Amino acid sequence: MTNKGTAFRTIIESTSLDERAMLVTALRDYKDCLEPWTQERKAEFDGAIAQALKDSDQEDMLTVLVDEVIAGYFLLKDTPGQVAFADFLKEKLPSALFEKLRTAVAEDTETRLNHIWQNAKHDRDVSEEERALVHDMFWEDFEGQFHYGVYAYALLFDCDDKGLQRYRTAFEYFRENDVFDERAAAVITAVCNYWHSASYLEPELRAVLKEWPMEEEPTVCIASMSYFAGLTFETKSQERLEYLKAIAFERFDDAEWSEVDLLKEAVIDACYGIRAWRRDLLKMIHTKEDLLRFEFQ
């Protein structure tokens, strides 16, 4: 299962290096005119363009152009007073190349789902046709699903037993069959965040924490730990807290430094809440035994 838009990628692959260079130049020019934008969004462009300009690796350049830059922004209209990305590219690129890109993006299902998800996430209008696309994709074969659709379904449709069971089955399928953990992690976010309760997926979160496949499924592990910690604080469940501390205690000595921080932060979040000022609290944890001293505040 590739996470790259098929129709759009086909178009980009057919472009010459000169045409790709035109795209990179247009993207750089566009970023330079984004004074009203946030520094964070400008930084996204900087990183993507820098990666795309790596002459030593044309595959990196191709991937960035497809995934991180154009497919993510081409359909999005900016706030009033800002230049629309599509309009900007139309001015900068040869008309034939622009039309190929526009057509490919419009036809590409993954890109459409990304666009729908962004609109739903920001409370913008989603048409009945777009809702139908998200619904139909969600209930089709797991193999052909995209993580954007996994997100979008939870935003557009209310939680019910049937949908929840579908997410649970999808989570199991994605974990067993995907090389990367993007789709499985999307299930966690969709259910725990967009449907507003990690308790809906608690058995699956506990299973991940117990197994802890950090090397193969890092995003799934991080999301599972984070949402379980949040659920623990929300419910003030002593059983959940003891379970989480036991997991962190068991993993502590053999964990990498970044993983150690994750374990520490999870226990802190479970006791103090996710908005706790962690810096001073982290300084209190030097050994795994220190984890066991934390209690609800």
# chains A, B, ... in the order shown; residues from 1 in each chain; ligands from 1
>>> residues_around(residues="region 209-224 of chain A", least_positions_apart="4", cutoff="6 Å", atoms="only C-alpha atoms", output="short mmCIF file (atom, residue, chain, number, x, y, z; two decimals) with C-alpha atoms, in the first residue's frame")
data_model
loop_
_atom_site.label_atom_id
_atom_site.label_comp_id
_atom_site.auth_asym_id
_atom_site.auth_seq_id
_atom_site.Cartn_x
_atom_site.Cartn_y
_atom_site.Cartn_z
CA ASP A 181 2.16 2.47 10.62
CA ALA A 185 -1.98 5.49 13.80
CA LEU A 205 -4.20 0.66 23.23
CA PHE A 228 -3.93 6.06 27.29
#
>>> residues_around(residues="Ile274 (chain A)", least_positions_apart="4", cutoff="10 Å", atoms="only C-alpha atoms", output="list in words")
Ser226, Tyr227, Ala229, Gly230, Phe233, Glu234, Glu265, Ala266, Ile268, Asp269, Ala270 and Arg278 of chain A
>>> write_last_selection(atoms="N, CA and C atoms", output="tab-separated table (two decimals), in the first residue's frame")
chain	number	residue	atom	x	y	z
A	226	SER	N	0.19	8.12	24.54
A	226	SER	CA	-0.34	9.46	24.80
A	226	SER	C	-1.83	9.42	25.13
A	227	TYR	N	-2.61	8.71	24.32
A	227	TYR	CA	-4.05	8.69	24.55
A	227	TYR	C	-4.42	7.87	25.79
A	229	ALA	N	-2.54	7.68	28.46
A	229	ALA	CA	-2.22	8.57	29.57
A	229	ALA	C	-3.32	9.61	29.76
A	230	GLY	N	-3.82	10.16	28.65
A	230	GLY	CA	-4.90	11.12	28.75
A	230	GLY	C	-6.16	10.53	29.34
A	233	PHE	N	-5.74	10.13	33.16
A	233	PHE	CA	-5.95	11.37	33.91
A	233	PHE	C	-7.41	11.77	33.92
A	234	GLU	N	-8.06	11.62	32.78
A	234	GLU	CA	-9.48	12.01	32.65
A	234	GLU	C	-10.37	11.23	33.61
A	265	GLU	N	7.10	11.26	30.26
A	265	GLU	CA	6.02	12.20	29.96
A	265	GLU	C	4.65	11.55	30.08
A	266	ALA	N	4.56	10.28	29.72
A	266	ALA	CA	3.28	9.59	29.81
A	266	ALA	C	2.81	9.49	31.27
A	268	ILE	N	3.75	11.43	33.74
A	268	ILE	CA	3.44	12.79	34.19
A	268	ILE	C	2.07	13.23	33.68
A	269	ASP	N	1.81	12.98	32.40
A	269	ASP	CA	0.52	13.37	31.82
A	269	ASP	C	-0.64	12.64	32.49
A	270	ALA	N	-0.42	11.38	32.83
A	270	ALA	CA	-1.47	10.59	33.48
A	270	ALA	C	-1.80	11.14	34.86
A	278	ARG	N	5.95	20.26	32.26
A	278	ARG	CA	6.71	19.02	32.42
A	278	ARG	C	8.15	19.22	32.86
>>> select_by_dssp(residues="region 95-265 of chain A", states="helix (DSSP H, G or I)", output="mmCIF file with C-alpha atoms, in the first residue's frame")
data_model
loop_
_atom_site.group_PDB
_atom_site.id
_atom_site.type_symbol
_atom_site.label_atom_id
_atom_site.label_comp_id
_atom_site.auth_asym_id
_atom_site.auth_seq_id
_atom_site.Cartn_x
_atom_site.Cartn_y
_atom_site.Cartn_z
ATOM 1 C CA SER A 95 -0.173 26.128 -19.265
ATOM 2 C CA ALA A 96 0.146 22.522 -20.473
ATOM 3 C CA LEU A 97 2.022 21.457 -17.339
ATOM 4 C CA PHE A 98 -0.396 23.308 -15.065
ATOM 5 C CA GLU A 99 -3.419 21.664 -16.679
ATOM 6 C CA LYS A 100 -1.868 18.219 -16.315
ATOM 7 C CA LEU A 101 -1.254 18.875 -12.634
ATOM 8 C CA ARG A 102 -4.710 20.315 -12.030
ATOM 9 C CA THR A 103 -6.421 17.373 -13.703
ATOM 10 C CA ALA A 104 -4.336 14.795 -11.875
ATOM 11 C CA VAL A 105 -4.971 16.376 -8.486
ATOM 12 C CA ALA A 106 -8.709 16.614 -9.130
ATOM 13 C CA GLU A 107 -8.863 12.950 -10.139
ATOM 14 C CA THR A 109 -8.657 9.990 -4.647
ATOM 15 C CA GLU A 110 -6.028 10.363 -1.957
ATOM 16 C CA THR A 111 -5.648 14.067 -2.632
ATOM 17 C CA ARG A 112 -9.424 14.548 -2.620
ATOM 18 C CA LEU A 113 -9.669 12.777 0.736
ATOM 19 C CA ASN A 114 -6.907 14.982 2.120
ATOM 20 C CA HIS A 115 -8.808 18.048 0.927
ATOM 21 C CA ILE A 116 -12.063 16.797 2.497
ATOM 22 C CA TRP A 117 -10.324 15.989 5.779
ATOM 23 C CA GLN A 118 -8.770 19.464 5.932
ATOM 24 C CA ASN A 119 -12.137 21.089 5.281
ATOM 25 C CA ALA A 120 -13.878 18.960 7.908
ATOM 26 C CA LYS A 121 -11.120 19.592 10.446
ATOM 27 C CA GLU A 128 -22.780 15.593 -0.065
ATOM 28 C CA GLU A 129 -20.701 14.112 -2.879
ATOM 29 C CA GLU A 130 -17.573 14.421 -0.750
ATOM 30 C CA ARG A 131 -19.303 12.871 2.261
ATOM 31 C CA ALA A 132 -20.380 9.982 0.059
ATOM 32 C CA LEU A 133 -16.801 9.469 -1.144
ATOM 33 C CA VAL A 134 -15.508 9.298 2.436
ATOM 34 C CA HIS A 135 -18.304 6.915 3.457
ATOM 35 C CA ASP A 136 -17.844 4.596 0.494
ATOM 36 C CA MET A 137 -14.066 4.467 0.848
ATOM 37 C CA PHE A 138 -14.338 3.712 4.574
ATOM 38 C CA PHE A 142 -9.037 -2.074 3.708
ATOM 39 C CA GLU A 143 -6.212 -2.459 1.205
ATOM 40 C CA GLY A 144 -7.328 0.510 -0.891
ATOM 41 C CA HIS A 147 -5.219 7.493 6.121
ATOM 42 C CA TYR A 148 -6.893 10.785 5.128
ATOM 43 C CA GLY A 149 -10.160 8.888 4.693
ATOM 44 C CA VAL A 150 -9.682 7.201 8.064
ATOM 45 C CA TYR A 151 -9.441 10.655 9.650
ATOM 46 C CA ALA A 152 -12.281 12.178 7.630
ATOM 47 C CA TYR A 153 -14.866 9.509 8.446
ATOM 48 C CA ALA A 154 -14.702 10.205 12.173
ATOM 49 C CA LEU A 155 -15.115 13.939 11.581
ATOM 50 C CA LEU A 156 -18.063 13.597 9.210
ATOM 51 C CA ASP A 161 -21.216 0.571 17.305
ATOM 52 C CA LYS A 162 -20.941 -0.393 13.649
ATOM 53 C CA GLY A 163 -18.428 2.324 12.837
ATOM 54 C CA LEU A 164 -16.408 1.623 15.962
ATOM 55 C CA GLN A 165 -16.170 -2.065 15.145
ATOM 56 C CA ARG A 166 -15.068 -1.146 11.632
ATOM 57 C CA TYR A 167 -12.263 0.986 13.066
ATOM 58 C CA ARG A 168 -11.173 -1.831 15.371
ATOM 59 C CA THR A 169 -11.091 -4.314 12.508
ATOM 60 C CA ALA A 170 -9.233 -1.817 10.329
ATOM 61 C CA PHE A 171 -6.688 -1.230 13.094
ATOM 62 C CA GLU A 172 -5.952 -4.939 13.295
ATOM 63 C CA TYR A 173 -5.696 -5.221 9.502
ATOM 64 C CA PHE A 174 -3.407 -2.203 9.135
ATOM 65 C CA ARG A 175 -1.080 -3.392 11.893
ATOM 66 C CA GLU A 176 -0.780 -6.842 10.354
ATOM 67 C CA ASN A 177 -0.386 -5.825 6.711
ATOM 68 C CA GLU A 182 0.525 5.587 9.173
ATOM 69 C CA ARG A 183 -2.940 4.085 8.691
ATOM 70 C CA ALA A 184 -3.013 2.286 12.039
ATOM 71 C CA ALA A 185 -1.981 5.485 13.799
ATOM 72 C CA ALA A 186 -4.740 7.327 11.929
ATOM 73 C CA VAL A 187 -7.294 4.956 13.468
ATOM 74 C CA ILE A 188 -6.085 5.900 16.944
ATOM 75 C CA THR A 189 -6.403 9.622 16.221
ATOM 76 C CA ALA A 190 -9.784 9.208 14.531
ATOM 77 C CA VAL A 191 -11.356 7.302 17.407
ATOM 78 C CA CYS A 192 -9.585 8.767 20.432
ATOM 79 C CA ASN A 193 -9.477 12.385 19.249
ATOM 80 C CA TYR A 194 -12.220 12.957 16.700
ATOM 81 C CA ALA A 198 -9.760 6.741 24.121
ATOM 82 C CA SER A 199 -11.994 4.329 26.035
ATOM 83 C CA TYR A 200 -13.525 3.254 22.705
ATOM 84 C CA LEU A 201 -10.155 1.800 21.701
ATOM 85 C CA GLU A 202 -8.795 0.935 25.127
ATOM 86 C CA PRO A 203 -8.246 -2.820 24.557
ATOM 87 C CA GLU A 204 -6.214 -2.037 21.449
ATOM 88 C CA LEU A 205 -4.195 0.661 23.228
ATOM 89 C CA ARG A 206 -3.392 -1.702 26.090
ATOM 90 C CA ALA A 207 -2.306 -4.389 23.633
ATOM 91 C CA VAL A 208 0.099 -1.976 21.939
ATOM 92 C CA LEU A 209 1.546 -0.832 25.263
ATOM 93 C CA LYS A 210 2.092 -4.413 26.360
ATOM 94 C CA GLU A 211 3.663 -5.454 23.062
ATOM 95 C CA PRO A 218 6.740 4.100 16.432
ATOM 96 C CA THR A 219 3.775 6.359 15.648
ATOM 97 C CA VAL A 220 1.301 3.762 16.888
ATOM 98 C CA CYS A 221 3.269 3.322 20.114
ATOM 99 C CA ILE A 222 3.536 7.057 20.765
ATOM 100 C CA ALA A 223 -0.155 7.640 20.031
ATOM 101 C CA SER A 224 -1.224 4.688 22.182
ATOM 102 C CA MET A 225 0.860 5.867 25.116
ATOM 103 C CA SER A 226 -0.343 9.457 24.796
ATOM 104 C CA TYR A 227 -4.052 8.692 24.553
ATOM 105 C CA PHE A 228 -3.935 6.061 27.286
ATOM 106 C CA ALA A 229 -2.221 8.573 29.574
ATOM 107 C CA GLY A 230 -4.903 11.123 28.746
ATOM 108 C CA LEU A 231 -7.656 8.613 29.479
ATOM 109 C CA THR A 232 -6.003 7.746 32.780
ATOM 110 C CA PHE A 233 -5.946 11.372 33.910
ATOM 111 C CA GLU A 234 -9.476 12.015 32.652
ATOM 112 C CA THR A 235 -10.954 9.084 34.584
ATOM 113 C CA GLN A 238 -5.987 3.976 39.771
ATOM 114 C CA GLU A 239 -5.996 0.688 37.865
ATOM 115 C CA ARG A 240 -5.069 2.448 34.624
ATOM 116 C CA LEU A 241 -2.362 4.455 36.357
ATOM 117 C CA GLU A 242 -0.793 1.353 37.876
ATOM 118 C CA TYR A 243 -0.932 -0.366 34.490
ATOM 119 C CA LEU A 244 0.797 2.575 32.800
ATOM 120 C CA LYS A 245 3.461 2.866 35.484
ATOM 121 C CA ALA A 246 4.144 -0.869 35.257
ATOM 122 C CA ILE A 247 4.644 -0.588 31.487
ATOM 123 C CA ALA A 248 6.961 2.415 31.875
ATOM 124 C CA PHE A 249 8.869 0.712 34.701
ATOM 125 C CA GLU A 250 9.396 -2.429 32.631
ATOM 126 C CA ARG A 251 10.643 -0.542 29.538
ATOM 127 C CA PHE A 252 12.720 2.106 31.293
ATOM 128 C CA TRP A 257 16.886 8.207 25.398
ATOM 129 C CA SER A 258 13.982 9.522 23.312
ATOM 130 C CA GLU A 259 11.867 6.586 24.414
ATOM 131 C CA VAL A 260 12.756 7.236 28.046
ATOM 132 C CA ASP A 261 11.412 10.773 27.708
ATOM 133 C CA LEU A 262 8.200 9.374 26.242
ATOM 134 C CA LEU A 263 7.766 7.021 29.204
ATOM 135 C CA LYS A 264 8.421 9.816 31.687
ATOM 136 C CA GLU A 265 6.020 12.203 29.963
#
>>> closest_residue(among="A:Met22, A:Ser127, A:Phe146, A:Tyr272", to="Phe296 (chain A)", atoms="only C-alpha atoms")
A:Tyr272
>>> atom_distance(atom1="CA of Glu295 (chain A)", atom2="CA of Val267 (chain A)")
8.9 Å
>>> atom_distance(atom1="CA of Leu292 (chain A)", atom2="CA of Arg279 (chain A)")
18.2 Å
>>> atom_distance(atom1="CA of Arg275 (chain A)", atom2="CA of Ser197 (chain A)")
17.4 Å
